[in-house]
Protein chains: 2
Amino acid sequence: MSEQIRDWSDVSLKELALRLDTVQREAKELKIPAVVVIEGLDGCGKGRLLNRMIVQMDARSYNIYSTHAGDRAAREYPLLWRIWNHTPAKGRMQFFDRSAYYLVLDAWAEGNLKEKELTRYWWDIARFERQLADDGVMIIKAFLVMSRKEQARRFKEMESNSSTAWRVTNKDWKRYKQYDEYLEQVKRMTAETDQTFARWHLLETEDLKSATARLYRLVIAGFEKAIEDRKAEAEEPPETKRWVSYHGPDHLAEVDLDKVMERSEYKKVLKERQAEMYRLAHEIHRHRIPVVMAYCGWDAAGKGGCIKRLLQGIDPRSFSVVPIAAPTKEELSHHYLWRFWKKMPPRGRITLFDRSWYGRVLVERVEGLCSNDEWRRAYQEINEMEAHLADFGVVLIKFWLHIDKATQLERFEARQEDPNKQWKITSEDWRNREKFDLYYESVNEMVEKTNMPDAPWSLVPSTCKEYARIRTLDIAIERIKAAVKSKFVAEL
Amino acid sequence: MSEQIRDWSDVSLKELALRLDTVQREAKELKIPAVVVIEGLDGCGKGRLLNRMIVQMDARSYNIYSTHAGDRAAREYPLLWRIWNHTPAKGRMQFFDRSAYYLVLDAWAEGNLKEKELTRYWWDIARFERQLADDGVMIIKAFLVMSRKEQARRFKEMESNSSTAWRVTNKDWKRYKQYDEYLEQVKRMTAETDQTFARWHLLETEDLKSATARLYRLVIAGFEKAIEDRKAEAEEPPETKRWVSYHGPDHLAEVDLDKVMERSEYKKVLKERQAEMYRLAHEIHRHRIPVVMAYCGWDAAGKGGCIKRLLQGIDPRSFSVVPIAAPTKEELSHHYLWRFWKKMPPRGRITLFDRSWYGRVLVERVEGLCSNDEWRRAYQEINEMEAHLADFGVVLIKFWLHIDKATQLERFEARQEDPNKQWKITSEDWRNREKFDLYYESVNEMVEKTNMPDAPWSLVPSTCKEYARIRTLDIAIERIKAAVKSKFVAEL
């Protein structure tokens with residue numbers, strides 16, 4: 001009788017399953033999300049271990065994502081994209097059958113990544129885990145190991161059975177030969193990414209039953225601690241959402257709002273720039289460069305007009321426009337950055353965000369839609385996300401379209417008078433306007449804290465719409481040209 | 001100056017855009033979804049035409065999906081899967097830059113589909129469109145054409161420009177050579193799939209501007225008609241959700257509820273069957289056979305236990321379990337079948353549905369959660385969906401676990417007494433139980449109307465849980481074995 005179908009009447013595993021069931025239901029009620037990462041050497045029984053776990057669990061309570069190095073569609077995106085896409089909603093449990101760790105190790109073992117490049121990826125993953133943990137996600141990481149001898153034995157056993165023989169590949173035997181160096185790299189990886197809120201646990205799988213029991217115990221303990229923490233938090237007095245003033249440089253004051261462009265010149269220049277963008281859109285596709293453009297700015301600053309002028313003449317198959325509105329219920333049940341990650345472009349495509357992830361440090365901050373703690377840590381979270389994108393080769397172009405309070409008023413009034421534009425102006429716009437000064441302060445702090453070399457802010461004067469349209473086109477052209485010239489796209 | 005960047009100051013297009021904007025906002029308020037399919041010969045300007053449309057539109061109001069024959073991930077699923085995945089939510093507009101039509105034509109032009117096989121696909125697509133139209137979706141289909149001479153001219157023009165030359169492939173020139181036969185096939189296709197609620201429009205694109213204006217007019221007229229229809233509907237008296245009795249055969253009465261299996265025999269047989277499933281799961285993967293299993297049955301009939309026994313020992317990477325609960329808000333804003341389509345397995349994988357799309361003709365019918373019209377047309381919709389899946393090679397296994405009213409009561413009471421199982425029983429279960437007779441009638445009608453050769457119902461007596469577990473395993477094994485033997489998987 002093979003391992004897979006051993007009798008399940010074992011009492012202690014059943015008891016563990018029952019205990020897990022109880023704590024997990026409690027965690028669900030408290031809306032605690034959980035991530036269980038199962039990594040391991042090839043052939044060491046990840047699948048069987050995972051099956052032993054879940055087969056006792058309520059199928060409604062978890063999801064499984066299997067990470068494959070050969071997943072071509074996912075390889076079109078930055079490393080963490082597919083992992084972000086599968087982070088759990090509040091109260092849900094997500095198993096990762098391998099994860100980003102495996103992809104990095106595999107790339108190294110295949111000779112596609114140099115050893116000295118590994119640390120950057122370990123840091124990226126560790127930061128990602130910190131972001132999740134800050135958001136209340138319980139994280140357990142297991143690395144399954146077995147001896148070199150046992151690995152060979154299992155491969156041979158599988159090869160001797162006609163229905164499993166095809167599962168043992170040349171790559172498996174290659175890894176077997178690399179056993180020692182691979183394990184050495186695993187040790188470094190686990191050391192570099194072992195964090196108090198996301199611990200690594202090495203599990204010996206020669207005895208699968210005790211490994212399963214151990215994993216059960218780890219997950220149960222993780223939930224118990226998370227439940228305790230959540231209850232303790234609930235007893236703390238509710239946070240006061242007070243305004244935290246910013247005292248840094250006034251970047252907006254440096255924007256020259258008097259910049260203009262004559263209509264006749266505009267028409268001529270626009271045609272030239274659009275012809276250039278048309279050409280560059282092809283180059284982006286050809287060199288497989290992903291481009292992210294974030295159009296931010298005051299209400300009525302002319303974001304839509306700038307986007308429209310950039311898109312005219314580009315093949316609609318090369319870009320998508322993502323308008324950012326208030327988050328849906330589903331989006332609210334995930335980490336704040338989840339909904340933006342989902343929309344990031346694959347290689348060779350352009351995504352234009354009409355408003356962006358900066359909403360957290362602007363509208364959500366000003367309107368008190370998130371806690372002080374949430375918006376204050378968002379600067380770092382955003383910088384980390386943008387750095388990860390830029391490392392992959394994404395060209396990040398961020399605009400703040402700037403107008404002053406008087407210009408905004410003029411435009412609001414003009415919209416209200418035009419029957420075709422009335423729908424564009426709502427009572428919310430007027431309410432936001434009342435808080436112009438708080439927004440002003442927030443924009444300055446945002447620019448100060450998130451203006452990074454690979455993800456610089458462009459503050460664009462937009463008193464004259466024609467000027468702003470050409471200026472945003474010019475900046476985009478310049479950045480994309482530089483990227484086309486360097487042709488840098490990370491392979492992992 | 002190239003076509004792409006011609007000046008946009010043309011008044012009539014602007015007026016059309018404004019008109020579209022107005023009708024589209026009205027359609028949005030009325031929650032009318034719209035599908036615009038743009039098909040066409042290679043190089044005839046689909047991209048440019050589409051861009052001319054959307055660049056004047058509010059980016060928040062539409063989505064675009066581009067259908068590529070080379071999309072490997074999508075090719076792992078039945079033809080209509082990717083199209084279903086991109087059907088619009090209520091009030092949304094979806095552009096298809098090519099669609100299923102193209103995939104079928106392309107497979108034929110590449111010699112992978114015989115001419116006589118085409119009709120079946122045209123019917124599948126036509127039925128799919130009827131399902132959408134029945135659900136209130138406005139559908140416009142345009143096929144872009146140009147002369148053979150013009151096609152050659154455009155390919156040559158693109159080839160002469162260094163930034164577009166790569167876009168002209170050998171396949172394009174092959175299609176140019178096939179021009180006459182391809183166009184002939186297009187004519188047949190448009191004739192076979194031209195339906196009152198989903199008309200085809202041939203657009204000449206030699207003059208791109210007038211083609212754009214024509215498409216604008218078609219979409220505007222489509223919205224105007226849909227708005228009118230919707231308003232007329234709203235004036236009709238609200239439907240009375242009366243019970244529509246079923247007078248067909250009593251299939252459930254034929255189930256022998258006395259079937260039992262001794263515990264000792266069960267344990268022995270279970271091990272054998274699980275070993276067999278373990279082997280078959282590998283075969284499924286190897287031969288790339290997709291399997292769909294739907295576990296339906298009375299509350300407390302033992303669905304979960306059957307699923308668990310089947311999954312024990314199978315690699316969790318080869319299956320997923322999809323528990324079906326009440327639809328979310330997002331799911332409600334789509335066609336009823338949308339959420340099930342999304343979960344269908346790719347080649348080589350098993351999806352187990354814990355409850356299924358039959359909810360529409362069971363709980364939704366009994367509880368009046370949908371209109372009479374909706375559940376009555378669901379039988380046909382479900383048969384069509386299942387036929388499309390089966391044609392692709394999906395093995396469809398549908399169980400109804402049957403117990404009588406007395407057995408259900410016993411189990412409800414047992415659950416209520418067990419502290420570990422109390423959560424499994426809710427007041428809803430007791431409410432459903434009160435309507436046992438209505439459900440009984442609905443199950444019989446469902447079996448009568450959806451028991452199809454490629455998607456047969458298995459009515460499994462479940463008074464003895466051990467018997468039901470082995471019986472469901474046996475049925476699954478038999479069906480999968482037959483599929484492994486025939487090795488049939490459609491390539492399109």
# chains A, B, ... in the order shown; residues from 1 in each chain; ligands from 1

$ interface_residues --of "chain B" --to "chain A" --cutoff "6 Å" --atoms "only C-alpha atoms" --output "mmCIF file with N, CA and C atoms, in the first residue's frame"
data_model
loop_
_atom_site.group_PDB
_atom_site.id
_atom_site.type_symbol
_atom_site.label_atom_id
_atom_site.label_comp_id
_atom_site.auth_asym_id
_atom_site.auth_seq_id
_atom_site.Cartn_x
_atom_site.Cartn_y
_atom_site.Cartn_z
ATOM 1 N N GLN B 4 -3.034 57.273 -38.262
ATOM 2 C CA GLN B 4 -3.226 57.187 -36.816
ATOM 3 C C GLN B 4 -3.342 58.530 -36.122
ATOM 4 N N ILE B 5 -2.723 59.536 -36.701
ATOM 5 C CA ILE B 5 -2.672 60.769 -35.923
ATOM 6 C C ILE B 5 -3.360 61.913 -36.652
ATOM 7 N N GLY B 47 -7.534 47.717 -35.001
ATOM 8 C CA GLY B 47 -6.943 48.471 -33.903
ATOM 9 C C GLY B 47 -7.191 49.961 -34.031
ATOM 10 N N ASN B 51 -9.510 52.271 -31.665
ATOM 11 C CA ASN B 51 -8.930 53.409 -30.968
ATOM 12 C C ASN B 51 -9.725 54.683 -31.216
ATOM 13 N N VAL B 55 -11.138 56.491 -27.822
ATOM 14 C CA VAL B 55 -10.382 57.640 -27.358
ATOM 15 C C VAL B 55 -11.313 58.804 -27.002
ATOM 16 N N ARG B 60 -13.756 55.011 -17.942
ATOM 17 C CA ARG B 60 -14.394 54.243 -16.880
ATOM 18 C C ARG B 60 -15.546 53.389 -17.409
ATOM 19 N N LYS B 308 -14.317 14.255 0.147
ATOM 20 C CA LYS B 308 -13.103 13.992 0.913
ATOM 21 C C LYS B 308 -12.507 12.635 0.545
ATOM 22 N N GLY B 313 -5.359 11.341 -1.016
ATOM 23 C CA GLY B 313 -4.301 10.679 -1.758
ATOM 24 C C GLY B 313 -4.047 11.236 -3.145
ATOM 25 N N ASP B 315 -2.891 14.182 -5.585
ATOM 26 C CA ASP B 315 -2.037 15.351 -5.447
ATOM 27 C C ASP B 315 -2.893 16.617 -5.504
ATOM 28 N N PRO B 316 -2.793 17.494 -4.493
ATOM 29 C CA PRO B 316 -3.666 18.682 -4.470
ATOM 30 C C PRO B 316 -3.412 19.606 -5.655
ATOM 31 N N PRO B 323 -16.544 25.382 -3.650
ATOM 32 C CA PRO B 323 -17.806 25.340 -2.914
ATOM 33 C C PRO B 323 -18.714 26.437 -3.455
#

$ residues_around --residues "segment 173-190 of chain B" --least-positions-apart "2" --cutoff "12 Å" --atoms "only C-alpha atoms" --output "PyMOL selection string"
chain B and resi 39-44+100-102+104-111+114-116+118-123+125-126+141-156+159+167-171+192-195+198-202

$ atom_distance --atom1 "atom CA of Glu466 of chain A" --atom2 "atom CA of Asp258 of chain A"
12.4 Å

$ residues_around --residues "Phe399 of chain A" --least-positions-apart "2" --cutoff "12 Å" --atoms "only C-alpha atoms" --output "PyMOL selection string"
chain A and resi 292-298+301-303+306-307+352-356+358+396-397+401-402+443+447+451+455-462+468-469+471-476

$ select_by_dssp --residues "segment 139-372 of chain B" --states "helix (DSSP H, G or I)" --output "PyMOL selection string"
chain B and resi 148-159+165-167+170-177+179-192+208-235+252-254+263-287+303-311+316-318+329-332+338-341+357-361+363-366+372

$ residues_around --residues "segment 377-388 of chain A" --least-positions-apart "6" --cutoff "8 Å" --atoms "only C-alpha atoms" --output "ChimeraX atom specification"
/A:78,124,127,131,357,360-361,396,446,449-450,452,454-455

$ write_last_selection --atoms "N, CA and C atoms" --output "JSON list (two decimals), in the first residue's frame"
[["chain", "number", "residue", "atom", "x", "y", "z"],
["A", 78, "PRO", "N", 6.21, 41.04, -13.08],
["A", 78, "PRO", "CA", 7.23, 41.00, -12.03],
["A", 78, "PRO", "C", 7.02, 39.82, -11.09],
["A", 124, "ASP", "N", 13.19, 41.62, -1.31],
["A", 124, "ASP", "CA", 11.87, 41.96, -1.88],
["A", 124, "ASP", "C", 10.77, 41.08, -1.29],
["A", 127, "ARG", "N", 10.15, 41.97, 2.41],
["A", 127, "ARG", "CA", 9.38, 43.22, 2.55],
["A", 127, "ARG", "C", 7.91, 42.99, 2.24],
["A", 131, "GLN", "N", 4.70, 43.65, 4.61],
["A", 131, "GLN", "CA", 3.50, 44.41, 4.22],
["A", 131, "GLN", "C", 2.24, 43.62, 4.58],
["A", 357, "TRP", "N", -2.58, 54.44, -6.67],
["A", 357, "TRP", "CA", -2.36, 53.94, -5.31],
["A", 357, "TRP", "C", -2.00, 55.05, -4.34],
["A", 360, "ARG", "N", -4.25, 56.49, -1.04],
["A", 360, "ARG", "CA", -4.12, 56.22, 0.40],
["A", 360, "ARG", "C", -3.54, 57.41, 1.16],
["A", 361, "VAL", "N", -2.55, 58.08, 0.56],
["A", 361, "VAL", "CA", -1.91, 59.21, 1.26],
["A", 361, "VAL", "C", -2.53, 60.54, 0.86],
["A", 396, "LEU", "N", 8.26, 53.64, -14.85],
["A", 396, "LEU", "CA", 7.23, 54.24, -13.99],
["A", 396, "LEU", "C", 7.18, 55.74, -14.21],
["A", 446, "MET", "N", 3.58, 63.61, 0.05],
["A", 446, "MET", "CA", 3.67, 62.48, -0.88],
["A", 446, "MET", "C", 4.87, 62.64, -1.82],
["A", 449, "LYS", "N", 8.17, 62.14, 0.01],
["A", 449, "LYS", "CA", 8.50, 60.79, 0.49],
["A", 449, "LYS", "C", 8.52, 59.71, -0.59],
["A", 450, "THR", "N", 8.01, 60.00, -1.76],
["A", 450, "THR", "CA", 7.94, 58.93, -2.77],
["A", 450, "THR", "C", 8.56, 59.34, -4.10],
["A", 452, "MET", "N", 11.39, 58.89, -6.05],
["A", 452, "MET", "CA", 12.53, 57.99, -6.06],
["A", 452, "MET", "C", 13.22, 58.01, -7.43],
["A", 454, "ASP", "N", 14.10, 55.78, -9.56],
["A", 454, "ASP", "CA", 13.47, 54.98, -10.62],
["A", 454, "ASP", "C", 11.99, 55.28, -10.77],
["A", 455, "ALA", "N", 11.45, 56.11, -9.87],
["A", 455, "ALA", "CA", 10.01, 56.40, -9.92],
["A", 455, "ALA", "C", 9.80, 57.86, -9.53]]

$ decode --residues "segment 219-326 of chain B" --atoms "C-alpha atoms" --output "PDB file, in the first residue's frame"
ATOM      1  CA  VAL B 219     -23.503  51.255 -31.353  1.00  0.00           C
ATOM      2  CA  ILE B 220     -25.648  54.316 -30.704  1.00  0.00           C
ATOM      3  CA  ALA B 221     -28.626  52.700 -32.440  1.00  0.00           C
ATOM      4  CA  GLY B 222     -28.037  49.508 -30.461  1.00  0.00           C
ATOM      5  CA  PHE B 223     -28.106  51.397 -27.186  1.00  0.00           C
ATOM      6  CA  GLU B 224     -31.170  53.395 -28.207  1.00  0.00           C
ATOM      7  CA  LYS B 225     -33.086  50.258 -28.957  1.00  0.00           C
ATOM      8  CA  ALA B 226     -31.922  48.524 -25.776  1.00  0.00           C
ATOM      9  CA  ILE B 227     -32.925  51.548 -23.712  1.00  0.00           C
ATOM     10  CA  GLU B 228     -36.346  51.639 -25.327  1.00  0.00           C
ATOM     11  CA  ASP B 229     -36.854  47.903 -24.725  1.00  0.00           C
ATOM     12  CA  ARG B 230     -35.758  48.196 -21.134  1.00  0.00           C
ATOM     13  CA  LYS B 231     -38.125  51.064 -20.480  1.00  0.00           C
ATOM     14  CA  ALA B 232     -40.989  49.166 -22.093  1.00  0.00           C
ATOM     15  CA  GLU B 233     -40.222  46.167 -19.876  1.00  0.00           C
ATOM     16  CA  ALA B 234     -40.233  48.361 -16.806  1.00  0.00           C
ATOM     17  CA  GLU B 235     -43.803  49.354 -17.592  1.00  0.00           C
ATOM     18  CA  GLU B 236     -45.009  45.766 -17.686  1.00  0.00           C
ATOM     19  CA  PRO B 237     -46.657  44.527 -14.509  1.00  0.00           C
ATOM     20  CA  PRO B 238     -44.155  42.748 -12.255  1.00  0.00           C
ATOM     21  CA  GLU B 239     -44.086  39.006 -12.804  1.00  0.00           C
ATOM     22  CA  THR B 240     -45.897  36.796 -10.341  1.00  0.00           C
ATOM     23  CA  LYS B 241     -43.548  34.093  -9.153  1.00  0.00           C
ATOM     24  CA  ARG B 242     -46.102  31.346  -9.134  1.00  0.00           C
ATOM     25  CA  TRP B 243     -45.181  27.689  -8.752  1.00  0.00           C
ATOM     26  CA  VAL B 244     -45.065  25.850 -12.068  1.00  0.00           C
ATOM     27  CA  SER B 245     -45.767  22.205 -11.362  1.00  0.00           C
ATOM     28  CA  TYR B 246     -43.847  19.345 -12.906  1.00  0.00           C
ATOM     29  CA  HIS B 247     -45.749  16.305 -14.115  1.00  0.00           C
ATOM     30  CA  GLY B 248     -42.986  14.131 -15.551  1.00  0.00           C
ATOM     31  CA  PRO B 249     -41.430  10.907 -14.261  1.00  0.00           C
ATOM     32  CA  ASP B 250     -40.464  10.554 -10.599  1.00  0.00           C
ATOM     33  CA  HIS B 251     -36.782   9.661 -10.993  1.00  0.00           C
ATOM     34  CA  LEU B 252     -36.044   9.879  -7.290  1.00  0.00           C
ATOM     35  CA  ALA B 253     -38.609   7.205  -6.498  1.00  0.00           C
ATOM     36  CA  GLU B 254     -36.528   4.751  -8.487  1.00  0.00           C
ATOM     37  CA  VAL B 255     -33.507   5.186  -6.245  1.00  0.00           C
ATOM     38  CA  ASP B 256     -33.060   2.192  -3.936  1.00  0.00           C
ATOM     39  CA  LEU B 257     -32.505   3.872  -0.574  1.00  0.00           C
ATOM     40  CA  ASP B 258     -31.865   0.567   1.176  1.00  0.00           C
ATOM     41  CA  LYS B 259     -28.428   0.073  -0.365  1.00  0.00           C
ATOM     42  CA  VAL B 260     -25.798  -0.446   2.322  1.00  0.00           C
ATOM     43  CA  MET B 261     -22.152  -1.410   2.689  1.00  0.00           C
ATOM     44  CA  GLU B 262     -20.622  -2.979   5.759  1.00  0.00           C
ATOM     45  CA  ARG B 263     -17.922  -0.965   7.513  1.00  0.00           C
ATOM     46  CA  SER B 264     -15.307  -3.728   7.134  1.00  0.00           C
ATOM     47  CA  GLU B 265     -15.968  -4.180   3.436  1.00  0.00           C
ATOM     48  CA  TYR B 266     -16.037  -0.408   3.013  1.00  0.00           C
ATOM     49  CA  LYS B 267     -12.565  -0.019   4.496  1.00  0.00           C
ATOM     50  CA  LYS B 268     -11.130  -2.641   2.192  1.00  0.00           C
ATOM     51  CA  VAL B 269     -12.869  -1.406  -0.953  1.00  0.00           C
ATOM     52  CA  LEU B 270     -12.089   2.223  -0.168  1.00  0.00           C
ATOM     53  CA  LYS B 271      -8.370   1.546  -0.189  1.00  0.00           C
ATOM     54  CA  GLU B 272      -8.611  -0.166  -3.549  1.00  0.00           C
ATOM     55  CA  ARG B 273     -10.692   2.582  -5.097  1.00  0.00           C
ATOM     56  CA  GLN B 274      -8.449   5.334  -3.751  1.00  0.00           C
ATOM     57  CA  ALA B 275      -5.413   3.557  -5.181  1.00  0.00           C
ATOM     58  CA  GLU B 276      -7.236   3.464  -8.499  1.00  0.00           C
ATOM     59  CA  MET B 277      -8.110   7.185  -8.309  1.00  0.00           C
ATOM     60  CA  TYR B 278      -4.498   7.957  -7.461  1.00  0.00           C
ATOM     61  CA  ARG B 279      -3.439   6.191 -10.650  1.00  0.00           C
ATOM     62  CA  LEU B 280      -6.179   7.821 -12.724  1.00  0.00           C
ATOM     63  CA  ALA B 281      -5.337  11.317 -11.495  1.00  0.00           C
ATOM     64  CA  HIS B 282      -1.913  10.823 -13.069  1.00  0.00           C
ATOM     65  CA  GLU B 283      -3.449   9.562 -16.289  1.00  0.00           C
ATOM     66  CA  ILE B 284      -5.725  12.574 -16.475  1.00  0.00           C
ATOM     67  CA  HIS B 285      -2.766  14.866 -16.133  1.00  0.00           C
ATOM     68  CA  ARG B 286      -0.741  12.913 -18.662  1.00  0.00           C
ATOM     69  CA  HIS B 287      -3.462  12.835 -21.308  1.00  0.00           C
ATOM     70  CA  ARG B 288      -4.530  16.413 -20.526  1.00  0.00           C
ATOM     71  CA  ILE B 289      -8.146  15.450 -19.855  1.00  0.00           C
ATOM     72  CA  PRO B 290     -10.241  18.011 -17.971  1.00  0.00           C
ATOM     73  CA  VAL B 291     -12.723  16.595 -15.451  1.00  0.00           C
ATOM     74  CA  VAL B 292     -15.706  18.344 -13.881  1.00  0.00           C
ATOM     75  CA  MET B 293     -17.497  16.714 -10.983  1.00  0.00           C
ATOM     76  CA  ALA B 294     -20.661  18.264  -9.580  1.00  0.00           C
ATOM     77  CA  TYR B 295     -21.747  17.023  -6.146  1.00  0.00           C
ATOM     78  CA  CYS B 296     -25.361  17.905  -5.595  1.00  0.00           C
ATOM     79  CA  GLY B 297     -27.810  16.505  -3.098  1.00  0.00           C
ATOM     80  CA  TRP B 298     -29.990  17.139  -0.099  1.00  0.00           C
ATOM     81  CA  ASP B 299     -28.620  19.025   2.896  1.00  0.00           C
ATOM     82  CA  ALA B 300     -26.827  16.473   5.097  1.00  0.00           C
ATOM     83  CA  ALA B 301     -26.789  13.875   2.314  1.00  0.00           C
ATOM     84  CA  GLY B 302     -23.030  13.490   2.747  1.00  0.00           C
ATOM     85  CA  LYS B 303     -21.572  15.492  -0.159  1.00  0.00           C
ATOM     86  CA  GLY B 304     -18.529  16.601   1.852  1.00  0.00           C
ATOM     87  CA  GLY B 305     -17.690  13.076   2.948  1.00  0.00           C
ATOM     88  CA  CYS B 306     -17.816  11.775  -0.641  1.00  0.00           C
ATOM     89  CA  ILE B 307     -15.593  14.602  -1.867  1.00  0.00           C
ATOM     90  CA  LYS B 308     -13.103  13.992   0.913  1.00  0.00           C
ATOM     91  CA  ARG B 309     -12.826  10.264   0.164  1.00  0.00           C
ATOM     92  CA  LEU B 310     -12.254  10.949  -3.508  1.00  0.00           C
ATOM     93  CA  LEU B 311      -9.559  13.517  -2.844  1.00  0.00           C
ATOM     94  CA  GLN B 312      -7.603  11.542  -0.271  1.00  0.00           C
ATOM     95  CA  GLY B 313      -4.301  10.679  -1.758  1.00  0.00           C
ATOM     96  CA  ILE B 314      -4.661  12.687  -4.969  1.00  0.00           C
ATOM     97  CA  ASP B 315      -2.037  15.351  -5.447  1.00  0.00           C
ATOM     98  CA  PRO B 316      -3.666  18.682  -4.470  1.00  0.00           C
ATOM     99  CA  ARG B 317      -2.051  20.240  -7.509  1.00  0.00           C
ATOM    100  CA  SER B 318      -4.273  18.209  -9.776  1.00  0.00           C
ATOM    101  CA  PHE B 319      -7.664  19.343  -8.495  1.00  0.00           C
ATOM    102  CA  SER B 320      -9.542  22.217  -7.000  1.00  0.00           C
ATOM    103  CA  VAL B 321     -12.678  22.196  -4.916  1.00  0.00           C
ATOM    104  CA  VAL B 322     -15.185  24.940  -5.622  1.00  0.00           C
ATOM    105  CA  PRO B 323     -17.806  25.340  -2.914  1.00  0.00           C
ATOM    106  CA  ILE B 324     -20.875  27.089  -4.260  1.00  0.00           C
ATOM    107  CA  ALA B 325     -22.552  29.522  -1.903  1.00  0.00           C
ATOM    108  CA  ALA B 326     -24.905  32.437  -2.511  1.00  0.00           C
TER     109      ALA B 326
END
